[in-house]
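Q: PDB, C-alpha atoms, file run-v4.pdb:
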ATOM      1  CA  MET H   1     -59.293  64.013-113.544
ATOM      2  CA  ARG H   2     -59.229  60.535-115.029
ATOM      3  CA  TYR H   3     -55.886  59.329-116.353
ATOM      4  CA  ILE H   4     -55.871  57.129-119.444
ATOM      5  CA  ILE H   5     -52.499  55.411-119.657
ATOM      6  CA  VAL H   6     -51.894  54.623-123.337
ATOM      7  CA  GLY H   7     -49.224  51.948-123.110
ATOM      8  CA  ALA H   8     -49.419  50.249-119.717
ATOM      9  CA  GLY H   9     -45.911  48.781-119.794
ATOM     10  CA  ALA H  10     -43.085  49.534-117.370
ATOM     11  CA  VAL H  11     -43.356  53.331-117.146
ATOM     12  CA  GLY H  12     -47.084  53.498-117.878
ATOM     13  CA  GLY H  13     -47.817  50.759-115.379
ATOM     14  CA  ALA H  14     -45.743  52.411-112.656
ATOM     15  CA  ILE H  15     -47.383  55.813-113.172
ATOM     16  CA  GLY H  16     -50.854  54.322-113.436
ATOM     17  CA  GLY H  17     -50.368  52.128-110.403
ATOM     18  CA  ARG H  18     -49.101  54.945-108.223
ATOM     19  CA  LEU H  19     -51.947  57.249-109.325
ATOM     20  CA  ALA H  20     -54.460  54.518-108.520
ATOM     21  CA  GLU H  21     -52.928  53.961-105.067
ATOM     22  CA  ALA H  22     -53.487  57.633-104.313
ATOM     23  CA  GLY H  23     -57.171  57.352-105.240
ATOM     24  CA  HIS H  24     -57.123  58.823-108.730
ATOM     25  CA  ALA H  25     -59.251  57.367-111.513
ATOM     26  CA  VAL H  26     -57.073  55.411-113.971
ATOM     27  CA  VAL H  27     -57.784  53.456-117.153
ATOM     28  CA  LEU H  28     -55.057  51.281-118.640
ATOM     29  CA  VAL H  29     -54.636  50.735-122.378
ATOM     30  CA  ALA H  30     -52.722  47.656-123.494
ATOM     31  CA  ARG H  31     -52.598  45.033-126.213
ATOM     32  CA  GLY H  32     -52.155  41.300-126.572
ATOM     33  CA  ALA H  33     -50.904  39.320-123.593
ATOM     34  CA  GLN H  34     -50.560  42.448-121.469
ATOM     35  CA  TYR H  35     -54.208  43.359-122.049
ATOM     36  CA  GLU H  36     -55.382  39.850-121.182
ATOM     37  CA  ALA H  37     -53.275  39.733-118.023
ATOM     38  CA  LEU H  38     -54.446  43.150-116.839
ATOM     39  CA  ARG H  39     -58.062  42.331-117.637
ATOM     40  CA  THR H  40     -58.086  39.027-115.780
ATOM     41  CA  GLY H  41     -55.611  39.561-112.940
ATOM     42  CA  GLY H  42     -55.158  43.315-112.563
ATOM     43  CA  LEU H  43     -51.930  45.297-112.478
ATOM     44  CA  ARG H  44     -49.354  43.975-110.033
ATOM     45  CA  LEU H  45     -46.943  46.783-109.127
ATOM     46  CA  THR H  46     -43.971  45.827-106.968
ATOM     47  CA  THR H  47     -42.057  48.609-105.215
ATOM     48  CA  PRO H  48     -39.836  48.722-102.111
ATOM     49  CA  ASP H  49     -43.105  49.186-100.156
ATOM     50  CA  GLY H  50     -44.142  45.717-101.312
ATOM     51  CA  PRO H  51     -46.408  44.344-104.059
ATOM     52  CA  ARG H  52     -49.892  45.673-104.735
ATOM     53  CA  THR H  53     -52.465  44.496-107.224
ATOM     54  CA  HIS H  54     -54.786  47.073-108.765
ATOM     55  CA  ALA H  55     -58.008  45.941-110.411
ATOM     56  CA  LEU H  56     -58.285  48.800-112.880
ATOM     57  CA  PRO H  57     -60.399  49.279-115.996
ATOM     58  CA  VAL H  58     -58.431  48.208-119.061
ATOM     59  CA  VAL H  59     -59.178  48.546-122.776
ATOM     60  CA  ASP H  60     -57.336  47.387-125.868
ATOM     61  CA  ARG H  61     -58.548  50.040-128.314
ATOM     62  CA  PRO H  62     -59.851  53.631-128.224
ATOM     63  CA  ASP H  63     -63.425  52.836-129.274
ATOM     64  CA  ALA H  64     -63.837  50.647-126.167
ATOM     65  CA  LEU H  65     -63.814  53.762-123.961
ATOM     66  CA  ASP H  66     -66.117  56.780-123.759
ATOM     67  CA  LEU H  67     -64.097  59.953-123.238
ATOM     68  CA  THR H  68     -65.096  62.928-121.097
ATOM     69  CA  ALA H  69     -63.768  66.453-120.742
ATOM     70  CA  ASP H  70     -62.061  65.463-117.467
ATOM     71  CA  ASP H  71     -59.782  62.910-119.110
ATOM     72  CA  VAL H  72     -56.004  63.208-119.452
ATOM     73  CA  LEU H  73     -54.206  61.017-121.978
ATOM     74  CA  VAL H  74     -50.752  59.808-120.926
ATOM     75  CA  LEU H  75     -48.829  58.485-123.929
ATOM     76  CA  ALA H  76     -46.372  55.897-122.617
ATOM     77  CA  VAL H  77     -45.762  53.731-125.686
ATOM     78  CA  LYS H  78     -42.313  53.644-127.287
ATOM     79  CA  THR H  79     -41.833  56.446-129.822
ATOM     80  CA  GLN H  80     -41.901  54.023-132.757
ATOM     81  CA  ASP H  81     -45.518  53.267-131.786
ATOM     82  CA  SER H  82     -46.560  56.889-131.241
ATOM     83  CA  THR H  83     -48.014  57.702-134.651
ATOM     84  CA  ALA H  84     -50.469  54.806-134.635
ATOM     85  CA  ALA H  85     -51.588  55.597-131.078
ATOM     86  CA  LEU H  86     -51.932  59.331-131.747
ATOM     87  CA  ASP H  87     -53.934  58.743-134.928
ATOM     88  CA  ALA H  88     -56.299  56.376-133.132
ATOM     89  CA  TRP H  89     -56.914  58.488-130.016
ATOM     90  CA  SER H  90     -56.967  61.996-131.486
ATOM     91  CA  VAL H  91     -60.177  61.427-133.452
ATOM     92  CA  ARG H  92     -62.178  59.910-130.612
ATOM     93  CA  PRO H  93     -65.276  61.931-129.660
ATOM     94  CA  VAL H  94     -65.476  63.572-126.252
ATOM     95  CA  ALA H  95     -68.761  63.871-124.357
ATOM     96  CA  GLY H  96     -70.197  67.334-124.948
ATOM     97  CA  GLY H  97     -68.689  67.713-128.401
ATOM     98  CA  GLY H  98     -65.363  67.806-130.157
ATOM     99  CA  THR H  99     -62.600  65.231-130.308
ATOM    100  CA  ALA H 100     -59.762  64.232-128.019
ATOM    101  CA  GLY H 101     -57.317  66.023-130.305
ATOM    102  CA  GLU H 102     -59.299  69.239-129.986
ATOM    103  CA  ARG H 103     -60.121  69.135-126.285
ATOM    104  CA  LEU H 104     -58.025  66.815-124.140
ATOM    105  CA  PRO H 105     -54.516  67.260-122.737
ATOM    106  CA  LEU H 106     -51.983  64.697-123.909
ATOM    107  CA  ILE H 107     -48.753  64.007-121.997
ATOM    108  CA  CYS H 108     -45.795  62.421-123.787
ATOM    109  CA  ALA H 109     -44.223  60.316-121.027
ATOM    110  CA  GLN H 110     -41.496  58.907-123.253
ATOM    111  CA  ASN H 111     -37.801  58.939-124.013
ATOM    112  CA  GLY H 112     -36.615  60.976-126.985
ATOM    113  CA  VAL H 113     -37.877  64.306-128.290
ATOM    114  CA  GLU H 114     -39.937  63.361-131.351
ATOM    115  CA  SER H 115     -43.319  62.329-129.947
ATOM    116  CA  GLU H 116     -44.260  65.836-128.833
ATOM    117  CA  ARG H 117     -43.872  67.078-132.390
ATOM    118  CA  LEU H 118     -45.896  64.150-133.723
ATOM    119  CA  ALA H 119     -48.568  64.822-131.105
ATOM    120  CA  LEU H 120     -48.854  68.533-131.856
ATOM    121  CA  ARG H 121     -49.972  67.711-135.401
ATOM    122  CA  ARG H 122     -52.968  65.920-133.890
ATOM    123  CA  PHE H 123     -53.553  67.449-130.431
ATOM    124  CA  ARG H 124     -53.916  71.113-129.487
ATOM    125  CA  HIS H 125     -52.839  70.625-125.871
ATOM    126  CA  VAL H 126     -49.558  68.737-125.705
ATOM    127  CA  TYR H 127     -47.317  68.359-122.652
ATOM    128  CA  GLY H 128     -43.809  66.982-122.494
ATOM    129  CA  MET H 129     -42.695  64.827-119.593
ATOM    130  CA  CYS H 130     -39.068  64.039-118.825
ATOM    131  CA  VAL H 131     -39.304  60.603-117.257
ATOM    132  CA  TRP H 132     -36.757  59.613-114.647
ATOM    133  CA  LEU H 133     -38.470  56.513-113.337
ATOM    134  CA  PRO H 134     -36.512  53.259-113.471
ATOM    135  CA  ALA H 135     -39.099  50.538-113.967
ATOM    136  CA  THR H 136     -39.136  47.030-115.389
ATOM    137  CA  PHE H 137     -41.769  45.055-117.262
ATOM    138  CA  VAL H 138     -41.463  41.751-115.412
ATOM    139  CA  GLU H 139     -44.127  39.725-117.235
ATOM    140  CA  PRO H 140     -47.633  40.382-118.560
ATOM    141  CA  GLY H 141     -49.572  42.073-115.790
ATOM    142  CA  GLU H 142     -46.541  42.762-113.578
ATOM    143  CA  VAL H 143     -44.284  45.806-113.321
ATOM    144  CA  SER H 144     -41.584  46.651-110.785
ATOM    145  CA  ALA H 145     -40.129  50.021-109.807
ATOM    146  CA  ALA H 146     -37.229  50.174-107.339
ATOM    147  CA  GLY H 147     -37.167  53.876-106.443
ATOM    148  CA  THR H 148     -37.876  54.974-102.872
ATOM    149  CA  PRO H 149     -39.213  57.022-101.113
ATOM    150  CA  LEU H 150     -40.254  58.511-104.471
ATOM    151  CA  THR H 151     -40.888  56.217-107.406
ATOM    152  CA  GLY H 152     -39.845  58.761-110.021
ATOM    153  CA  ILE H 153     -39.215  62.378-110.988
ATOM    154  CA  LEU H 154     -41.307  63.639-113.886
ATOM    155  CA  HIS H 155     -40.530  67.161-115.097
ATOM    156  CA  LEU H 156     -43.655  68.432-116.832
ATOM    157  CA  GLY H 157     -44.473  71.387-119.068
ATOM    158  CA  ARG H 158     -46.347  72.504-122.140
ATOM    159  CA  TYR H 159     -44.916  71.757-125.543
ATOM    160  CA  PRO H 160     -43.053  73.494-127.042
ATOM    161  CA  THR H 161     -42.685  75.806-124.025
ATOM    162  CA  GLY H 162     -44.608  77.213-121.109
ATOM    163  CA  THR H 163     -46.744  76.128-118.192
ATOM    164  CA  ASP H 164     -50.425  76.385-117.364
ATOM    165  CA  GLU H 165     -53.012  75.481-114.758
ATOM    166  CA  THR H 166     -53.620  72.053-116.309
ATOM    167  CA  ALA H 167     -49.949  71.169-115.875
ATOM    168  CA  ARG H 168     -50.067  72.290-112.263
ATOM    169  CA  LEU H 169     -53.213  70.242-111.546
ATOM    170  CA  ILE H 170     -51.664  67.136-113.104
ATOM    171  CA  ALA H 171     -48.454  67.698-111.153
ATOM    172  CA  GLY H 172     -50.479  67.963-107.958
ATOM    173  CA  ASP H 173     -52.079  64.582-108.596
ATOM    174  CA  LEU H 174     -48.694  63.006-109.384
ATOM    175  CA  GLU H 175     -47.123  64.435-106.244
ATOM    176  CA  LYS H 176     -49.831  62.795-104.139
ATOM    177  CA  SER H 177     -48.754  59.527-105.757
ATOM    178  CA  LYS H 178     -45.070  59.244-104.744
ATOM    179  CA  LEU H 179     -44.011  60.918-107.994
ATOM    180  CA  LEU H 180     -42.235  64.269-107.901
ATOM    181  CA  ALA H 181     -43.478  66.396-110.806
ATOM    182  CA  PRO H 182     -41.764  69.792-111.135
ATOM    183  CA  VAL H 183     -43.642  72.035-113.576
ATOM    184  CA  VAL H 184     -41.106  73.776-115.808
ATOM    185  CA  PRO H 185     -41.427  76.227-118.729
ATOM    186  CA  ASP H 186     -38.602  74.530-120.667
ATOM    187  CA  VAL H 187     -39.513  70.855-120.525
ATOM    188  CA  MET H 188     -37.758  70.028-123.807
ATOM    189  CA  ARG H 189     -34.487  71.271-122.349
ATOM    190  CA  TRP H 190     -34.908  68.545-119.742
ATOM    191  CA  LYS H 191     -35.836  65.982-122.364
ATOM    192  CA  TYR H 192     -32.737  66.768-124.437
ATOM    193  CA  GLY H 193     -30.653  66.262-121.316
ATOM    194  CA  LYS H 194     -32.282  62.862-120.838
ATOM    195  CA  LEU H 195     -31.731  62.107-124.529
ATOM    196  CA  LEU H 196     -27.982  62.449-124.058
ATOM    197  CA  SER H 197     -27.982  59.938-121.212
ATOM    198  CA  ASN H 198     -30.180  57.598-123.267
ATOM    199  CA  LEU H 199     -27.434  57.324-125.899
ATOM    200  CA  ALA H 200     -26.120  54.542-123.660
ATOM    201  CA  ASN H 201     -29.275  52.476-124.164
ATOM    202  CA  ALA H 202     -28.131  50.880-127.413
ATOM    203  CA  ILE H 203     -24.739  49.956-125.941
ATOM    204  CA  GLU H 204     -26.427  48.330-122.952
ATOM    205  CA  ALA H 205     -28.961  46.537-125.139
ATOM    206  CA  VAL H 206     -26.393  44.819-127.339
ATOM    207  CA  THR H 207     -23.467  44.344-124.893
ATOM    208  CA  GLY H 208     -24.977  44.357-121.384
ATOM    209  CA  LEU H 209     -24.841  46.708-118.409
ATOM    210  CA  LEU H 210     -22.197  49.444-118.685
ATOM    211  CA  THR H 211     -19.933  48.232-115.897
ATOM    212  CA  GLY H 212     -16.528  48.100-117.597
ATOM    213  CA  ASP H 213     -14.121  50.810-118.724
ATOM    214  CA  GLU H 214     -14.509  49.870-122.404
ATOM    215  CA  ALA H 215     -18.271  50.305-122.334
ATOM    216  CA  VAL H 216     -18.032  53.605-120.464
ATOM    217  CA  ALA H 217     -15.451  54.865-122.965
ATOM    218  CA  LEU H 218     -17.766  53.967-125.833
ATOM    219  CA  PHE H 219     -20.643  55.836-124.197
ATOM    220  CA  LYS H 220     -18.408  58.898-123.767
ATOM    221  CA  ARG H 221     -17.712  58.842-127.509
ATOM    222  CA  ALA H 222     -21.454  58.716-128.272
ATOM    223  CA  LEU H 223     -22.068  61.480-125.730
ATOM    224  CA  ALA H 224     -19.403  63.726-127.256
ATOM    225  CA  GLU H 225     -21.108  63.419-130.633
ATOM    226  CA  GLY H 226     -24.454  64.215-129.038
ATOM    227  CA  ARG H 227     -23.171  67.334-127.345
ATOM    228  CA  ALA H 228     -21.452  68.509-130.547
ATOM    229  CA  VAL H 229     -24.640  68.029-132.554
ATOM    230  CA  LEU H 230     -26.838  69.875-130.060
ATOM    231  CA  ALA H 231     -24.353  72.751-129.975
ATOM    232  CA  ALA H 232     -24.361  72.960-133.783
ATOM    233  CA  ALA H 233     -28.162  72.926-133.793
ATOM    234  CA  GLY H 234     -28.388  75.596-131.094
ATOM    235  CA  ILE H 235     -30.317  73.265-128.775
ATOM    236  CA  GLU H 236     -29.824  73.632-125.035
ATOM    237  CA  ALA H 237     -29.909  70.557-122.817
ATOM    238  CA  VAL H 238     -29.937  70.355-119.045
ATOM    239  CA  GLY H 239     -26.474  69.428-117.801
ATOM    240  CA  GLN H 240     -25.587  66.619-115.450
ATOM    241  CA  GLU H 241     -24.996  68.952-112.503
ATOM    242  CA  GLU H 242     -28.473  70.475-112.804
ATOM    243  CA  GLN H 243     -30.057  67.033-113.174
ATOM    244  CA  THR H 244     -28.238  65.752-110.092
ATOM    245  CA  LYS H 245     -29.298  68.802-108.081
ATOM    246  CA  ALA H 246     -32.938  68.346-109.131
ATOM    247  CA  ARG H 247     -32.914  64.707-108.073
ATOM    248  CA  GLY H 248     -30.883  65.267-104.911
ATOM    249  CA  ASP H 249     -31.467  62.449-102.460
ATOM    250  CA  ARG H 250     -35.148  62.207-103.321
ATOM    251  CA  ILE H 251     -34.787  58.748-104.819
ATOM    252  CA  ARG H 252     -32.619  55.857-103.720
ATOM    253  CA  PHE H 253     -32.735  52.378-105.163
ATOM    254  CA  GLU H 254     -33.517  49.350-103.073
ATOM    255  CA  PRO H 255     -33.216  46.092-105.017
ATOM    256  CA  PHE H 256     -35.940  43.557-104.463
ATOM    257  CA  ASP H 257     -34.908  40.357-102.690
ATOM    258  CA  GLY H 258     -33.333  37.941-105.122
ATOM    259  CA  SER H 259     -33.714  40.172-108.150
ATOM    260  CA  PRO H 260     -30.788  41.489-110.202
ATOM    261  CA  ARG H 261     -30.388  45.113-111.158
ATOM    262  CA  GLY H 262     -32.816  45.894-113.955
ATOM    263  CA  ALA H 263     -31.662  47.025-117.374
ATOM    264  CA  GLY H 264     -33.061  49.912-119.401
ATOM    265  CA  SER H 265     -35.955  50.202-121.804
ATOM    266  CA  SER H 266     -34.020  49.208-124.934
ATOM    267  CA  TRP H 267     -32.684  46.054-123.260
ATOM    268  CA  GLN H 268     -36.237  45.238-122.181
ATOM    269  CA  SER H 269     -37.501  45.584-125.756
ATOM    270  CA  LEU H 270     -34.910  43.056-126.931
ATOM    271  CA  SER H 271     -35.544  40.678-124.047
ATOM    272  CA  ARG H 272     -39.268  40.677-124.812
ATOM    273  CA  GLY H 273     -38.613  40.012-128.489
ATOM    274  CA  THR H 274     -40.900  42.821-129.637
ATOM    275  CA  GLY H 275     -39.097  43.153-132.976
ATOM    276  CA  THR H 276     -38.662  46.904-132.530
ATOM    277  CA  ILE H 277     -36.451  49.193-130.469
ATOM    278  CA  GLU H 278     -36.369  52.949-129.872
ATOM    279  CA  ALA H 279     -32.843  53.508-131.219
ATOM    280  CA  ASP H 280     -34.133  55.536-134.199
ATOM    281  CA  TYR H 281     -35.363  58.167-131.730
ATOM    282  CA  LEU H 282     -32.367  58.112-129.367
ATOM    283  CA  ASN H 283     -29.069  57.577-131.202
ATOM    284  CA  GLY H 284     -31.013  58.186-134.418
ATOM    285  CA  GLU H 285     -32.007  61.656-133.233
ATOM    286  CA  ILE H 286     -28.334  62.557-132.957
ATOM    287  CA  VAL H 287     -27.649  61.075-136.396
ATOM    288  CA  LEU H 288     -30.522  63.088-137.890
ATOM    289  CA  LEU H 289     -29.373  66.361-136.346
ATOM    290  CA  GLY H 290     -25.794  65.613-137.368
ATOM    291  CA  ARG H 291     -26.851  65.210-140.986
ATOM    292  CA  GLU H 292     -28.875  68.405-140.854
ATOM    293  CA  HIS H 293     -26.001  70.441-139.399
ATOM    294  CA  GLY H 294     -22.975  68.806-140.991
ATOM    295  CA  VAL H 295     -21.621  67.108-137.875
ATOM    296  CA  PRO H 296     -20.249  63.546-138.302
ATOM    297  CA  THR H 297     -21.866  61.000-135.971
ATOM    298  CA  PRO H 298     -20.255  57.622-136.777
ATOM    299  CA  VAL H 299     -20.615  56.243-133.240
ATOM    300  CA  ASN H 300     -24.317  56.915-132.947
ATOM    301  CA  ASP H 301     -24.897  55.809-136.530
ATOM    302  CA  VAL H 302     -23.427  52.358-135.826
ATOM    303  CA  LEU H 303     -25.232  52.123-132.479
ATOM    304  CA  GLN H 304     -28.548  52.908-134.173
ATOM    305  CA  ARG H 305     -28.025  50.369-136.954
ATOM    306  CA  THR H 306     -26.728  47.647-134.626
ATOM    307  CA  ALA H 307     -29.571  48.020-132.131
ATOM    308  CA  ASN H 308     -32.112  47.912-134.967
ATOM    309  CA  ALA H 309     -30.499  44.758-136.360
ATOM    310  CA  PHE H 310     -30.677  43.102-132.925
ATOM    311  CA  ALA H 311     -34.380  43.951-132.669
ATOM    312  CA  ARG H 312     -35.233  42.944-136.220
ATOM    313  CA  GLU H 313     -33.377  39.621-135.930
ATOM    314  CA  ARG H 314     -34.605  39.082-132.351
ATOM    315  CA  ARG H 315     -31.078  38.529-131.120
ATOM    316  CA  GLU H 316     -30.359  37.945-127.446
ATOM    317  CA  PRO H 317     -29.678  41.214-125.587
ATOM    318  CA  GLY H 318     -26.097  41.534-124.399
ATOM    319  CA  SER H 319     -24.821  38.925-126.846
ATOM    320  CA  MET H 320     -22.210  41.158-128.539
ATOM    321  CA  SER H 321     -18.991  42.044-126.742
ATOM    322  CA  VAL H 322     -17.979  45.662-126.232
ATOM    323  CA  ALA H 323     -14.821  44.935-128.218
ATOM    324  CA  GLU H 324     -16.874  43.700-131.197
ATOM    325  CA  LEU H 325     -19.129  46.748-131.096
ATOM    326  CA  THR H 326     -16.156  49.107-130.775
ATOM    327  CA  ALA H 327     -14.515  47.433-133.775
ATOM    328  CA  LEU H 328     -17.645  48.034-135.870
ATOM    329  CA  ILE H 329     -17.586  51.706-134.893
ATOM    330  CA  ASP H 330     -13.859  52.120-135.531
ATOM    331  CA  ALA H 331     -14.284  50.572-138.970
ATOM    332  CA  ALA H 332     -17.011  53.097-139.813
ATOM    333  CA  SER H 333     -15.188  56.138-138.424
TER     334      SER H 333
END
Spit out the file's structure as structure tokens when you get a sec.

A:
Amino acid sequence: MRYIIVGAGAVGGAIGGRLAEAGHAVVLVARGAQYEALRTGGLRLTTPDGPRTHALPVVDRPDALDLTADDVLVLAVKTQDSTAALDAWSVRPVAGGGTAGERLPLICAQNGVESERLALRRFRHVYGMCVWLPATFVEPGEVSAAGTPLTGILHLGRYPTGTDETARLIAGDLEKSKLLAPVVPDVMRWKYGKLLSNLANAIEAVTGLLTGDEAVALFKRALAEGRAVLAAAGIEAVGQEEQTKARGDRIRFEPFDGSPRGAGSSWQSLSRGTGTIEADYLNGEIVLLGREHGVPTPVNDVLQRTANAFARERREPGSMSVAELTALIDAAS
């Protein structure tokens, strides 16, 4: 199999780099400065094993690559960029006939639970992936991932449910690449569990790492809303105990010399000044379900709107105090 990593940022770069290290064929897809850096200098992946540079094929658009029946598309863009990527790749012809949307497997290696649904409109063979892989986009061409001895745990399954031989073959390749990939029939249950933990992303993005009691208390309020909404919607999510058991002691974190603890994906979006953030598909997912099922979600509503304002206005991540954010929420409650 050849893995086409659509969105070679932090997660995509870490997965692509590890697959390449294990000898698998990988093509990276990137845009702008990231494309230029990867094209001219390769992908530099830094892990506790040390840095490695991978000179991999890289393209900046679908029509720059000829697809074959052995290709696997790994969608690793943020959810707000999914529709454009899915539209562009689904119509690409595959050698031997048909299109990517008709013939190729597509894996949604993303936070949130919306991209799989978007993908299924365009692709027949969609797989969800619950990504537990702390990685950081350092600068164009460079990604770091601090997990060891495994770099990440990637629960994988067909969307909306089920498993198949393709999932097992992909998992086998990942597990040769320092990535644990349990194949599960209920992958969205795992992704909803991750969604609940990702409700902290907006708090971290606008106020900084959740190290104080005030920030933790605010996250617990967002989490309580999330759990209430999922219960009202009849959606099951993997609990913390099951997640902890699945991870066990398979990953520990070893900080790189001289580098601070990395922040999450939403913080990274703000720090890079991309102008967008994934809050609509994290806290916003809870707000949407709350509106559909009559459950008030004032905490997540304010978190969604505040994170979007930070992205739109390109404000410095962590520049609002927890007290200020809590006051905004209390005023809206």

Q: Please write as a list in words the list of polymer residues whose atoms come within 10 Å of (-58.1, 67.8, -125.0), counting only C-alpha atoms and keeping to the coordinates of the file.

A: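 Returned residue set, sorted by chain then number, is Thr68, Ala69, Asp70, Asp71, Val72, Leu73, Ser90, Val94, Gly98, Thr99, Ala100, Gly101, Glu102, Arg103, Leu104, Pro105, Leu106, Phe123, Arg124, His125 and Val126 of chain H.
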
Q: At a cut-off of 9 Å, using all atoms listed in the file, what residues contact Val77 (chain H)? Leave out same-chain residues fewer than 5 positions from it and give the result as a list in words.

A: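 Result of the neighbour search: Val6, Gly7, Ala8, Gly9, Val11, Gly12, Ser82, Ala85, Cys108, Ala109 and Gln110 of chain H.
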
Q: Tell me which of H:Thr211, H:Gln268, H:Thr151, H:Thr161 sits closest to Ser177 (chain H), counting all atoms listed in the file.

A: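 For Ser177 (chain H), the nearest of the given residues is H:Thr151.
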
Q: Which residues match the PyMOL selection byres ((chain H and resi 223-238) around 7) in the file above, as an MDAnalysis selection string?

A: chainID H and resid 189:190 192:193 196 199 219:222 239:240 242:243 286 289:290 293 295 297

Q: May I have the protein, DNA and RNA residues with an atom at most 7 Å from (-44.4, 44.5, -113.6), counting all atoms listed in the file in the file's coordinates, returned as a list in words?

A: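 Using all atoms listed in the file, the matching residues come out as Ala10, Arg44, Leu45, Thr46, Thr136, Phe137, Val138, Glu139, Gly141, Glu142, Val143 and Ser144 of chain H.
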
Q: Do you have the CA of Ala30 (chain H)-CA of Gly157 (chain H) distance handy?

A: 25.5 Å

Q: Looking at H:Gly128, H:Gly41, H:Gly152, H:Pro57, which one is nearest to Tyr3 (chain H), with distances taken over all atoms listed in the file?

A: H:Pro57

Q: Go ahead and compute the interatomic distance for CA of Asp66 (chain H) and CA of Lys178 (chain H), in Å to one decimal.

A: 28.5 Å

Q: For region 4-15 of chain H, what centre and edge lengths in Å (one decimal) does the axis-aligned box get once 3 Å is added on each side of all its listed atoms, as AutoDock Vina command-line options?

A:
--center_x -49.5 --center_y 53.0 --center_z -118.0 --size_x 18.8 --size_y 14.3 --size_z 16.7
